[in-house]
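Text of model18.cif, listed as mmCIF, C-alpha atoms:
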```cif
data_entry
loop_
_atom_site.group_PDB
_atom_site.id
_atom_site.type_symbol
_atom_site.label_atom_id
_atom_site.label_comp_id
_atom_site.auth_asym_id
_atom_site.auth_seq_id
_atom_site.Cartn_x
_atom_site.Cartn_y
_atom_site.Cartn_z
ATOM 1 C CA MET A 1 -13.816 29.180 -27.924
ATOM 2 C CA ILE A 2 -14.969 25.571 -27.649
ATOM 3 C CA THR A 3 -16.291 24.365 -31.004
ATOM 4 C CA SER A 4 -19.426 22.294 -31.531
ATOM 5 C CA GLU A 5 -17.244 19.379 -32.623
ATOM 6 C CA GLN A 6 -15.235 19.563 -29.404
ATOM 7 C CA LYS A 7 -18.423 19.741 -27.356
ATOM 8 C CA GLN A 8 -19.744 16.604 -29.045
ATOM 9 C CA LYS A 9 -16.472 14.855 -28.272
ATOM 10 C CA ILE A 10 -16.820 15.816 -24.600
ATOM 11 C CA VAL A 11 -20.467 14.701 -24.529
ATOM 12 C CA ALA A 12 -19.412 11.315 -25.945
ATOM 13 C CA ALA A 13 -16.819 10.990 -23.178
ATOM 14 C CA MET A 14 -19.492 11.858 -20.604
ATOM 15 C CA ALA A 15 -21.714 9.103 -21.998
ATOM 16 C CA ASP A 16 -18.843 6.622 -21.744
ATOM 17 C CA ALA A 17 -18.051 7.653 -18.173
ATOM 18 C CA ARG A 18 -21.614 7.583 -16.841
ATOM 19 C CA PRO A 19 -22.007 3.745 -16.642
ATOM 20 C CA MET A 20 -18.800 3.561 -14.573
ATOM 21 C CA PHE A 21 -20.232 5.968 -11.983
ATOM 22 C CA GLY A 22 -22.360 4.151 -9.435
ATOM 23 C CA GLY A 23 -24.230 7.179 -8.071
ATOM 24 C CA SER A 24 -27.227 9.097 -9.381
ATOM 25 C CA ASP A 25 -27.233 11.542 -12.292
ATOM 26 C CA ALA A 26 -27.166 14.347 -9.720
ATOM 27 C CA LYS A 27 -23.998 12.947 -8.151
ATOM 28 C CA PHE A 28 -22.439 12.407 -11.574
ATOM 29 C CA ALA A 29 -23.170 16.042 -12.398
ATOM 30 C CA LYS A 30 -21.568 17.080 -9.104
ATOM 31 C CA TRP A 31 -18.482 15.053 -10.039
ATOM 32 C CA LEU A 32 -18.348 16.878 -13.373
ATOM 33 C CA GLY A 33 -18.708 20.221 -11.612
ATOM 34 C CA ILE A 34 -22.069 21.226 -13.094
ATOM 35 C CA SER A 35 -25.676 21.232 -11.896
ATOM 36 C CA GLY A 36 -28.071 18.335 -12.322
ATOM 37 C CA SER A 37 -30.265 20.352 -14.670
ATOM 38 C CA GLN A 38 -27.290 21.293 -16.844
ATOM 39 C CA TYR A 39 -26.232 17.676 -17.089
ATOM 40 C CA SER A 40 -29.767 16.625 -17.978
ATOM 41 C CA ARG A 41 -29.945 19.152 -20.815
ATOM 42 C CA VAL A 42 -26.534 18.164 -22.204
ATOM 43 C CA LYS A 43 -27.382 14.481 -21.959
ATOM 44 C CA ASN A 44 -30.552 15.150 -23.958
ATOM 45 C CA GLY A 45 -28.602 16.776 -26.783
ATOM 46 C CA GLU A 46 -28.456 20.453 -25.824
ATOM 47 C CA VAL A 47 -24.875 21.674 -26.115
ATOM 48 C CA GLU A 48 -25.256 25.348 -26.967
ATOM 49 C CA GLN A 49 -25.727 27.999 -24.262
ATOM 50 C CA VAL A 50 -25.951 25.439 -21.481
ATOM 51 C CA LEU A 51 -22.387 25.437 -20.199
ATOM 52 C CA SER A 52 -19.674 28.050 -20.302
ATOM 53 C CA ASP A 53 -16.424 27.414 -22.140
ATOM 54 C CA MET A 54 -14.737 27.040 -18.747
ATOM 55 C CA ASN A 55 -17.278 24.348 -17.828
ATOM 56 C CA TRP A 56 -16.532 22.474 -21.037
ATOM 57 C CA ILE A 57 -12.787 22.756 -20.492
ATOM 58 C CA ALA A 58 -13.085 21.585 -16.875
ATOM 59 C CA ILE A 59 -15.138 18.551 -17.929
ATOM 60 C CA ALA A 60 -12.696 17.757 -20.724
ATOM 61 C CA ARG A 61 -9.861 17.867 -18.193
ATOM 62 C CA GLN A 62 -11.815 15.704 -15.755
ATOM 63 C CA LEU A 63 -12.476 13.090 -18.440
ATOM 64 C CA GLU A 64 -9.042 13.560 -20.049
ATOM 65 C CA VAL A 65 -10.474 14.470 -23.431
ATOM 66 C CA SER A 66 -7.921 15.924 -25.819
ATOM 67 C CA LEU A 67 -9.178 19.095 -27.485
ATOM 68 C CA ALA A 68 -6.076 19.476 -29.646
ATOM 69 C CA GLY A 69 -7.077 16.850 -32.181
ATOM 70 C CA THR A 70 -4.198 14.517 -31.343
ATOM 71 C CA PRO A 71 -4.830 10.762 -31.733
ATOM 72 C CA GLU A 72 -6.196 8.967 -28.690
ATOM 73 C CA TRP A 73 -3.461 7.142 -26.787
ATOM 74 C CA LYS A 74 -3.947 3.376 -26.933
ATOM 75 C CA THR A 75 -3.396 1.124 -23.942
ATOM 76 C CA ALA A 76 -0.923 -1.725 -24.318
ATOM 77 C CA ARG A 77 -1.372 -4.691 -22.000
ATOM 78 C CA THR A 78 2.191 -4.602 -20.727
ATOM 79 C CA PRO A 79 3.477 -6.681 -17.781
ATOM 80 C CA VAL A 80 3.111 -3.623 -15.539
ATOM 81 C CA TYR A 81 -0.448 -3.050 -16.755
ATOM 82 C CA GLU A 82 -1.436 -6.682 -16.176
ATOM 83 C CA PHE A 83 0.125 -6.797 -12.698
ATOM 84 C CA ILE A 84 -1.464 -3.590 -11.425
ATOM 85 C CA ASN A 85 -4.804 -4.282 -13.102
ATOM 86 C CA THR A 86 -5.010 -7.684 -11.395
ATOM 87 C CA GLN A 87 -4.155 -6.181 -8.010
ATOM 88 C CA LEU A 88 -6.790 -3.479 -8.448
ATOM 89 C CA GLU A 89 -9.429 -6.050 -9.367
ATOM 90 C CA VAL A 90 -8.690 -8.088 -6.249
ATOM 91 C CA CYS A 91 -8.650 -5.034 -3.966
ATOM 92 C CA GLN A 92 -11.985 -3.864 -5.330
ATOM 93 C CA ALA A 93 -13.700 -7.241 -5.328
ATOM 94 C CA GLU A 94 -12.590 -8.187 -1.816
ATOM 95 C CA ALA A 95 -12.317 -4.753 -0.139
ATOM 96 C CA LEU A 96 -8.591 -5.263 0.385
ATOM 97 C CA SER A 97 -5.706 -2.791 0.518
ATOM 98 C CA SER A 98 -2.354 -2.954 -1.224
ATOM 99 C CA LEU A 99 0.753 -0.819 -1.597
ATOM 100 C CA LEU A 100 2.885 -0.496 -4.742
ATOM 101 C CA CYS A 101 6.305 1.157 -4.566
ATOM 102 C CA ASP A 102 8.227 0.917 -7.819
ATOM 103 C CA LEU A 103 10.303 2.876 -10.292
ATOM 104 C CA SER A 104 8.915 6.022 -11.877
ATOM 105 C CA ASP A 105 7.945 6.076 -15.562
ATOM 106 C CA ILE A 106 6.832 2.445 -15.862
ATOM 107 C CA GLY A 107 3.104 3.014 -16.482
ATOM 108 C CA LYS A 108 1.700 2.934 -12.944
ATOM 109 C CA THR A 109 -0.386 6.082 -13.254
ATOM 110 C CA TRP A 110 -1.685 5.271 -16.729
ATOM 111 C CA THR A 111 -2.850 1.833 -15.594
ATOM 112 C CA ALA A 112 -4.578 3.249 -12.523
ATOM 113 C CA LYS A 113 -6.392 5.905 -14.555
ATOM 114 C CA VAL A 114 -7.529 3.385 -17.163
ATOM 115 C CA TYR A 115 -8.856 1.121 -14.413
ATOM 116 C CA ALA A 116 -10.772 3.994 -12.803
ATOM 117 C CA LYS A 117 -12.315 4.881 -16.166
ATOM 118 C CA THR A 118 -13.442 1.349 -16.925
ATOM 119 C CA HIS A 119 -14.728 0.124 -13.539
ATOM 120 C CA ARG A 120 -17.689 1.273 -11.490
ATOM 121 C CA ASN A 121 -17.307 3.063 -8.158
ATOM 122 C CA VAL A 122 -13.580 3.696 -8.446
ATOM 123 C CA ALA A 123 -12.008 6.981 -7.349
ATOM 124 C CA TYR A 124 -8.588 7.925 -8.695
ATOM 125 C CA ILE A 125 -6.902 10.517 -6.476
ATOM 126 C CA ASP A 126 -3.710 12.302 -7.514
ATOM 127 C CA CYS A 127 -2.215 12.979 -4.095
ATOM 128 C CA SER A 128 0.271 15.468 -5.538
ATOM 129 C CA MET A 129 -2.790 17.698 -6.006
ATOM 130 C CA ALA A 130 -4.268 16.879 -2.581
ATOM 131 C CA LYS A 131 -1.331 16.755 -0.205
ATOM 132 C CA GLY A 132 -3.082 17.898 2.952
ATOM 133 C CA LYS A 133 -5.906 16.375 4.973
ATOM 134 C CA THR A 134 -8.538 18.915 3.969
ATOM 135 C CA LEU A 135 -7.933 18.667 0.226
ATOM 136 C CA LEU A 136 -7.697 14.882 0.391
ATOM 137 C CA ILE A 137 -11.072 14.482 2.078
ATOM 138 C CA ARG A 138 -12.742 16.918 -0.287
ATOM 139 C CA LYS A 139 -11.149 15.256 -3.345
ATOM 140 C CA ILE A 140 -12.403 11.831 -2.284
ATOM 141 C CA ALA A 141 -15.890 13.192 -1.639
ATOM 142 C CA ARG A 142 -15.972 14.938 -5.024
ATOM 143 C CA ALA A 143 -14.747 11.766 -6.762
ATOM 144 C CA PHE A 144 -17.900 9.981 -5.621
ATOM 145 C CA GLY A 145 -20.181 12.881 -6.545
ATOM 146 C CA LEU A 146 -20.736 14.146 -3.017
ATOM 147 C CA ASP A 147 -21.003 17.762 -1.934
ATOM 148 C CA ASN A 148 -17.494 18.570 -0.722
ATOM 149 C CA SER A 149 -18.218 22.075 0.550
ATOM 150 C CA GLY A 150 -19.213 22.899 4.086
ATOM 151 C CA LYS A 151 -17.668 21.717 7.346
ATOM 152 C CA LEU A 152 -14.866 19.221 6.880
ATOM 153 C CA GLY A 153 -16.218 16.914 9.570
ATOM 154 C CA ASP A 154 -19.572 16.714 7.786
ATOM 155 C CA VAL A 155 -17.915 16.025 4.425
ATOM 156 C CA GLU A 156 -15.853 13.251 6.001
ATOM 157 C CA ALA A 157 -18.839 11.677 7.773
ATOM 158 C CA ASN A 158 -20.987 11.806 4.632
ATOM 159 C CA THR A 159 -18.193 10.266 2.554
ATOM 160 C CA ILE A 160 -17.723 7.388 4.982
ATOM 161 C CA TYR A 161 -21.464 6.745 5.106
ATOM 162 C CA TYR A 162 -21.800 6.837 1.323
ATOM 163 C CA LEU A 163 -18.842 4.529 0.718
ATOM 164 C CA LYS A 164 -20.570 1.915 2.867
ATOM 165 C CA THR A 165 -23.650 2.063 0.641
ATOM 166 C CA LEU A 166 -21.810 1.546 -2.657
ATOM 167 C CA ASP A 167 -21.187 -1.742 -4.409
ATOM 168 C CA HIS A 168 -17.492 -2.533 -3.983
ATOM 169 C CA PRO A 169 -15.960 0.961 -4.023
ATOM 170 C CA LEU A 170 -12.216 1.367 -4.538
ATOM 171 C CA ILE A 171 -9.987 4.365 -3.801
ATOM 172 C CA ILE A 172 -6.675 4.634 -5.667
ATOM 173 C CA LEU A 173 -4.132 6.939 -4.042
ATOM 174 C CA ASP A 174 -1.486 7.801 -6.631
ATOM 175 C CA GLU A 175 1.683 9.813 -5.881
ATOM 176 C CA ALA A 176 1.114 8.934 -2.226
ATOM 177 C CA GLY A 177 4.640 9.950 -1.291
ATOM 178 C CA ASP A 178 3.545 13.605 -1.616
ATOM 179 C CA LEU A 179 1.015 13.374 1.220
ATOM 180 C CA HIS A 180 1.537 15.470 4.332
ATOM 181 C CA TYR A 181 1.566 13.807 7.735
ATOM 182 C CA GLU A 182 -1.990 14.774 8.711
ATOM 183 C CA ALA A 183 -3.240 13.277 5.436
ATOM 184 C CA TRP A 184 -1.551 9.975 6.318
ATOM 185 C CA LEU A 185 -3.395 9.916 9.608
ATOM 186 C CA GLU A 186 -6.624 10.697 7.764
ATOM 187 C CA ILE A 187 -6.100 7.691 5.495
ATOM 188 C CA LYS A 188 -5.833 5.513 8.582
ATOM 189 C CA ALA A 189 -9.062 6.993 9.952
ATOM 190 C CA LEU A 190 -10.926 6.497 6.671
ATOM 191 C CA TRP A 191 -9.573 2.963 6.323
ATOM 192 C CA ASN A 192 -10.741 2.104 9.845
ATOM 193 C CA ALA A 193 -14.189 3.558 9.214
ATOM 194 C CA THR A 194 -14.672 1.677 5.921
ATOM 195 C CA GLU A 195 -12.934 -1.608 6.762
ATOM 196 C CA GLY A 196 -14.510 -4.462 4.815
ATOM 197 C CA ALA A 197 -16.603 -2.053 2.733
ATOM 198 C CA CYS A 198 -14.011 -0.287 0.561
ATOM 199 C CA GLY A 199 -10.830 -1.305 -1.224
ATOM 200 C CA TRP A 200 -7.698 0.866 -1.176
ATOM 201 C CA TYR A 201 -4.665 0.916 -3.456
ATOM 202 C CA MET A 202 -1.667 3.144 -2.761
ATOM 203 C CA ILE A 203 0.897 3.934 -5.477
ATOM 204 C CA GLY A 204 4.257 5.634 -5.304
ATOM 205 C CA ALA A 205 7.845 5.492 -6.465
ATOM 206 C CA ASP A 206 10.856 4.382 -4.437
ATOM 207 C CA GLY A 207 10.642 7.604 -2.421
ATOM 208 C CA LEU A 208 7.343 6.428 -0.927
ATOM 209 C CA LYS A 209 8.990 3.267 0.360
ATOM 210 C CA ALA A 210 11.839 5.288 1.882
ATOM 211 C CA LYS A 211 9.382 7.701 3.517
ATOM 212 C CA ILE A 212 7.305 4.938 5.093
ATOM 213 C CA GLN A 213 10.308 2.939 6.271
ATOM 214 C CA ARG A 214 12.057 5.987 7.714
ATOM 215 C CA SER A 215 8.901 7.002 9.589
ATOM 216 C CA ILE A 216 8.439 3.477 10.953
ATOM 217 C CA ASP A 217 12.066 3.322 12.071
ATOM 218 C CA CYS A 218 11.637 6.670 13.837
ATOM 219 C CA LYS A 219 8.426 5.361 15.451
ATOM 220 C CA LYS A 220 6.367 8.186 13.972
ATOM 221 C CA VAL A 221 2.756 7.737 15.015
ATOM 222 C CA GLY A 222 0.491 6.170 12.399
ATOM 223 C CA TYR A 223 2.962 4.786 9.875
ATOM 224 C CA THR A 224 3.265 1.287 11.320
ATOM 225 C CA GLU A 225 -0.526 1.049 11.450
ATOM 226 C CA ILE A 226 -0.936 2.269 7.862
ATOM 227 C CA PHE A 227 1.757 -0.108 6.610
ATOM 228 C CA SER A 228 -0.038 -2.965 8.349
ATOM 229 C CA ARG A 229 -3.388 -2.018 6.843
ATOM 230 C CA PHE A 230 -1.850 -1.975 3.350
ATOM 231 C CA GLY A 231 -0.470 -5.493 3.591
ATOM 232 C CA LYS A 232 2.885 -4.953 5.370
ATOM 233 C CA ARG A 233 4.825 -5.256 2.124
ATOM 234 C CA TYR A 234 6.144 -2.980 -0.599
ATOM 235 C CA GLY A 235 4.734 -4.311 -3.851
ATOM 236 C CA LYS A 236 6.994 -4.163 -6.879
ATOM 237 C CA VAL A 237 6.582 -5.054 -10.561
ATOM 238 C CA VAL A 238 9.911 -4.368 -12.236
ATOM 239 C CA ALA A 239 12.788 -6.668 -11.297
ATOM 240 C CA GLU A 240 16.239 -5.365 -10.424
ATOM 241 C CA GLY A 241 19.168 -5.254 -12.847
ATOM 242 C CA GLU A 242 19.235 -6.587 -16.384
ATOM 243 C CA GLU A 243 15.968 -8.487 -16.042
ATOM 244 C CA GLY A 244 14.134 -5.253 -15.240
ATOM 245 C CA ARG A 245 15.808 -3.372 -18.095
ATOM 246 C CA GLU A 246 14.810 -6.048 -20.611
ATOM 247 C CA MET A 247 11.266 -6.032 -19.278
ATOM 248 C CA MET A 248 10.975 -2.264 -19.730
ATOM 249 C CA LYS A 249 12.461 -2.404 -23.228
ATOM 250 C CA ALA A 250 9.806 -4.954 -24.190
ATOM 251 C CA THR A 251 7.195 -2.738 -22.531
ATOM 252 C CA ALA A 252 8.287 0.308 -24.526
ATOM 253 C CA ILE A 253 8.067 -1.633 -27.794
ATOM 254 C CA MET A 254 4.579 -2.904 -26.900
ATOM 255 C CA ILE A 255 3.381 0.659 -26.217
ATOM 256 C CA ALA A 256 5.012 2.008 -29.381
ATOM 257 C CA LYS A 257 3.431 -0.675 -31.572
ATOM 258 C CA ALA A 258 -0.001 -0.219 -29.975
ATOM 259 C CA ASN A 259 0.161 3.467 -30.867
ATOM 260 C CA GLY A 260 1.233 3.104 -34.481
ATOM 261 C CA ALA A 261 5.023 3.331 -34.397
ATOM 262 C CA GLU A 262 6.458 2.799 -37.863
ATOM 263 C CA ASP A 263 9.705 1.402 -36.469
ATOM 264 C CA ALA A 264 9.323 0.432 -32.782
ATOM 265 C CA ALA A 265 12.942 -0.697 -32.404
ATOM 266 C CA ARG A 266 14.245 2.620 -33.740
ATOM 267 C CA LEU A 267 11.880 4.549 -31.511
ATOM 268 C CA LEU A 268 13.089 2.503 -28.527
ATOM 269 C CA ARG A 269 16.667 3.572 -29.163
ATOM 270 C CA LYS A 270 15.587 7.222 -29.150
ATOM 271 C CA THR A 271 13.973 6.871 -25.731
ATOM 272 C CA MET A 272 16.808 5.050 -23.956
ATOM 273 C CA GLY A 273 18.338 6.703 -20.899
ATOM 274 C CA ASP A 274 21.880 6.482 -19.608
ATOM 275 C CA ASP A 275 20.697 3.880 -17.082
ATOM 276 C CA GLY A 276 19.724 1.468 -19.861
ATOM 277 C CA MET A 277 16.002 2.004 -19.253
ATOM 278 C CA PRO A 278 13.629 3.501 -21.830
ATOM 279 C CA SER A 279 11.555 6.567 -21.025
ATOM 280 C CA LEU A 280 7.902 5.676 -21.596
ATOM 281 C CA ARG A 281 6.968 9.365 -21.437
ATOM 282 C CA ARG A 282 9.215 10.113 -24.413
ATOM 283 C CA ILE A 283 7.406 7.570 -26.581
ATOM 284 C CA HIS A 284 4.443 9.905 -26.918
ATOM 285 C CA LYS A 285 6.729 12.779 -27.911
ATOM 286 C CA GLU A 286 8.535 10.689 -30.530
ATOM 287 C CA LEU A 287 5.271 9.410 -32.007
ATOM 288 C CA ARG A 288 3.973 12.960 -32.362
ATOM 289 C CA LYS A 289 7.113 13.788 -34.319
ATOM 290 C CA GLN A 290 6.348 10.787 -36.539
ATOM 291 C CA ASP A 291 2.755 11.955 -37.123
ATOM 292 C CA ALA A 292 3.925 15.481 -37.922
ATOM 293 C CA LYS A 293 6.069 14.317 -40.845
#
```

Transcribe the structure of this file into structure tokens.
Amino acid sequence: MITSEQKQKIVAAMADARPMFGGSDAKFAKWLGISGSQYSRVKNGEVEQVLSDMNWIAIARQLEVSLAGTPEWKTARTPVYEFINTQLEVCQAEALSSLLCDLSDIGKTWTAKVYAKTHRNVAYIDCSMAKGKTLLIRKIARAFGLDNSGKLGDVEANTIYYLKTLDHPLIILDEAGDLHYEAWLEIKALWNATEGACGWYMIGADGLKAKIQRSIDCKKVGYTEIFSRFGKRYGKVVAEGEEGREMMKATAIMIAKANGAEDAARLLRKTMGDDGMPSLRRIHKELRKQDAK
């Protein structure tokens, strides 16, 4: 059962998200998964008997609202955050495309999600949840508040048309290494159709680089063209060797301090892996232990 307090928290998150959504209220409602009339009633203060608990939960998930009462995670402006944020700003402002292939667990996804939340007309797509062509197209359409049901060709055509009407749209493709082959070809088609009107940013770990390079070497259709459209280089933030390890240690301490660590250095030691790199994902777990004391 969703409590009134939780509903108010979700409504506040909806109010924060609305200015970052460039479409109409009807499209924003579509993005949230509810009707325009339901959104209008909630926006005007009605929270009881308007949406089902499943609706509230789905919206909370969409807006990443914690219903467990845990403290909100604070963003630290780490070197990784600053690098990716700058690249995203340039891609959006100039309708450019870029590719980032770097280590896992360095803050790539967090930075991308924060950017999408705080900038207008930005779609964040988790490709691990949309691996095939059909799901990818429908996810992109839904991210901009478009009707993603019906014939796939119509959804694709409407999405392309709408992207060209928006003010500097940007599509972030995270976990891109999970995409199936037909989805890769679809990205090329969408890129071609929106060239100069939409920015693109592709994110993955080292496996993405290996996948692209292997496909290019094997002359698999589409990969050379996609690589060219995304700048013909594998972007990277974290340096190799000791320099990279020191950078990530400093990053972990910055994140720990931003989120109230009582002893950031001690917490860092608890998150260190055998490779000499800290696990940023474990920081959250260790801080929750701290709060539980």

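The residues caught by the PyMOL selection byres ((chain A and resi 127) around 9) in this file are Ile125, Asp126, Ser128, Met129, Ala130, Lys131, Gly132, Leu136, Leu173, Asp174, Glu175, Ala176, Gly177, Asp178 and Leu179 of chain A.
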
Restrict the selected residues to C-alpha atoms and save them as a PDB file, keeping the file's coordinate frame.
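The resulting file, selection.pdb, is reproduced below:
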```
ATOM      1  CA  ILE A 125      -6.902  10.517  -6.476  1.00  0.00           C
ATOM      2  CA  ASP A 126      -3.710  12.302  -7.514  1.00  0.00           C
ATOM      3  CA  SER A 128       0.271  15.468  -5.538  1.00  0.00           C
ATOM      4  CA  MET A 129      -2.790  17.698  -6.006  1.00  0.00           C
ATOM      5  CA  ALA A 130      -4.268  16.879  -2.581  1.00  0.00           C
ATOM      6  CA  LYS A 131      -1.331  16.755  -0.205  1.00  0.00           C
ATOM      7  CA  GLY A 132      -3.082  17.898   2.952  1.00  0.00           C
ATOM      8  CA  LEU A 136      -7.697  14.882   0.391  1.00  0.00           C
ATOM      9  CA  LEU A 173      -4.132   6.939  -4.042  1.00  0.00           C
ATOM     10  CA  ASP A 174      -1.486   7.801  -6.631  1.00  0.00           C
ATOM     11  CA  GLU A 175       1.683   9.813  -5.881  1.00  0.00           C
ATOM     12  CA  ALA A 176       1.114   8.934  -2.226  1.00  0.00           C
ATOM     13  CA  GLY A 177       4.640   9.950  -1.291  1.00  0.00           C
ATOM     14  CA  ASP A 178       3.545  13.605  -1.616  1.00  0.00           C
ATOM     15  CA  LEU A 179       1.015  13.374   1.220  1.00  0.00           C
TER      16      LEU A 179
END
```

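With all atoms listed in the file as the basis for measurement, A:Val90 is the residue among A:Val221, A:Ala252, A:Val90, A:Leu166 that approaches A:Trp200 most closely.
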
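Taking only C-alpha atoms into account, A:His119 lies nearest to A:Leu170 out of the set A:Leu170, A:Val65, A:Ile253, A:Leu96.
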
Legend entry - Shortest interatomic distance to A:Lys236 - which of A:Val114, A:Ala197, A:Ala143, A:Leu99, counting all atoms listed in the file: A:Leu99

Legend entry - Selection near A:Ala210, 12 Å with all atoms listed in the file, sequence-local residues under 6 positions removed, as a VMD selection string: chain A and resid 101 to 102 177 204 216 to 217 223 234

Legend entry - Option closest in space to A:Gly145, from A:Glu225, A:Glu186, A:Asp275, A:Asp25 [counting all atoms listed in the file]: A:Asp25

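For the pair atom CA of A:Asn85 and atom CA of A:Thr194, the separation is 22.2 Å.
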
Output of stretch 200-238 of chain A limited to C-alpha atoms, as a PDB file, in the first residue's frame:
```
ATOM      1  CA  TRP A 200      23.810  10.786 -29.518  1.00  0.00           C
ATOM      2  CA  TYR A 201      26.019   9.423 -26.749  1.00  0.00           C
ATOM      3  CA  MET A 202      26.890   5.733 -26.508  1.00  0.00           C
ATOM      4  CA  ILE A 203      28.249   4.215 -23.279  1.00  0.00           C
ATOM      5  CA  GLY A 204      29.721   0.822 -22.555  1.00  0.00           C
ATOM      6  CA  ALA A 205      32.513  -1.015 -20.802  1.00  0.00           C
ATOM      7  CA  ASP A 206      35.592  -2.551 -22.405  1.00  0.00           C
ATOM      8  CA  GLY A 207      33.413  -5.311 -23.864  1.00  0.00           C
ATOM      9  CA  LEU A 208      31.704  -2.752 -26.105  1.00  0.00           C
ATOM     10  CA  LYS A 209      35.043  -1.732 -27.579  1.00  0.00           C
ATOM     11  CA  ALA A 210      35.961  -5.377 -28.202  1.00  0.00           C
ATOM     12  CA  LYS A 211      32.581  -6.051 -29.832  1.00  0.00           C
ATOM     13  CA  ILE A 212      32.831  -3.087 -32.195  1.00  0.00           C
ATOM     14  CA  GLN A 213      36.451  -3.746 -33.124  1.00  0.00           C
ATOM     15  CA  ARG A 214      35.864  -7.456 -33.699  1.00  0.00           C
ATOM     16  CA  SER A 215      32.861  -6.712 -35.920  1.00  0.00           C
ATOM     17  CA  ILE A 216      34.829  -4.130 -37.911  1.00  0.00           C
ATOM     18  CA  ASP A 217      37.732  -6.537 -38.362  1.00  0.00           C
ATOM     19  CA  CYS A 218      35.300  -9.197 -39.596  1.00  0.00           C
ATOM     20  CA  LYS A 219      33.747  -6.624 -41.961  1.00  0.00           C
ATOM     21  CA  LYS A 220      30.304  -7.091 -40.431  1.00  0.00           C
ATOM     22  CA  VAL A 221      27.873  -4.771 -42.173  1.00  0.00           C
ATOM     23  CA  GLY A 222      27.072  -1.559 -40.308  1.00  0.00           C
ATOM     24  CA  TYR A 223      29.770  -1.445 -37.643  1.00  0.00           C
ATOM     25  CA  THR A 224      32.307   0.622 -39.570  1.00  0.00           C
ATOM     26  CA  GLU A 225      29.572   3.120 -40.424  1.00  0.00           C
ATOM     27  CA  ILE A 226      28.356   3.340 -36.818  1.00  0.00           C
ATOM     28  CA  PHE A 227      31.904   3.746 -35.510  1.00  0.00           C
ATOM     29  CA  SER A 228      32.436   6.566 -37.996  1.00  0.00           C
ATOM     30  CA  ARG A 229      29.220   8.306 -36.987  1.00  0.00           C
ATOM     31  CA  PHE A 230      30.253   8.171 -33.315  1.00  0.00           C
ATOM     32  CA  GLY A 231      33.584   9.879 -33.883  1.00  0.00           C
ATOM     33  CA  LYS A 232      35.854   6.961 -34.909  1.00  0.00           C
ATOM     34  CA  ARG A 233      37.425   6.775 -31.460  1.00  0.00           C
ATOM     35  CA  TYR A 234      36.873   4.924 -28.203  1.00  0.00           C
ATOM     36  CA  GLY A 235      36.552   7.585 -25.529  1.00  0.00           C
ATOM     37  CA  LYS A 236      38.083   6.810 -22.158  1.00  0.00           C
ATOM     38  CA  VAL A 237      38.225   8.628 -18.813  1.00  0.00           C
ATOM     39  CA  VAL A 238      40.268   6.460 -16.471  1.00  0.00           C
TER      40      VAL A 238
END
```
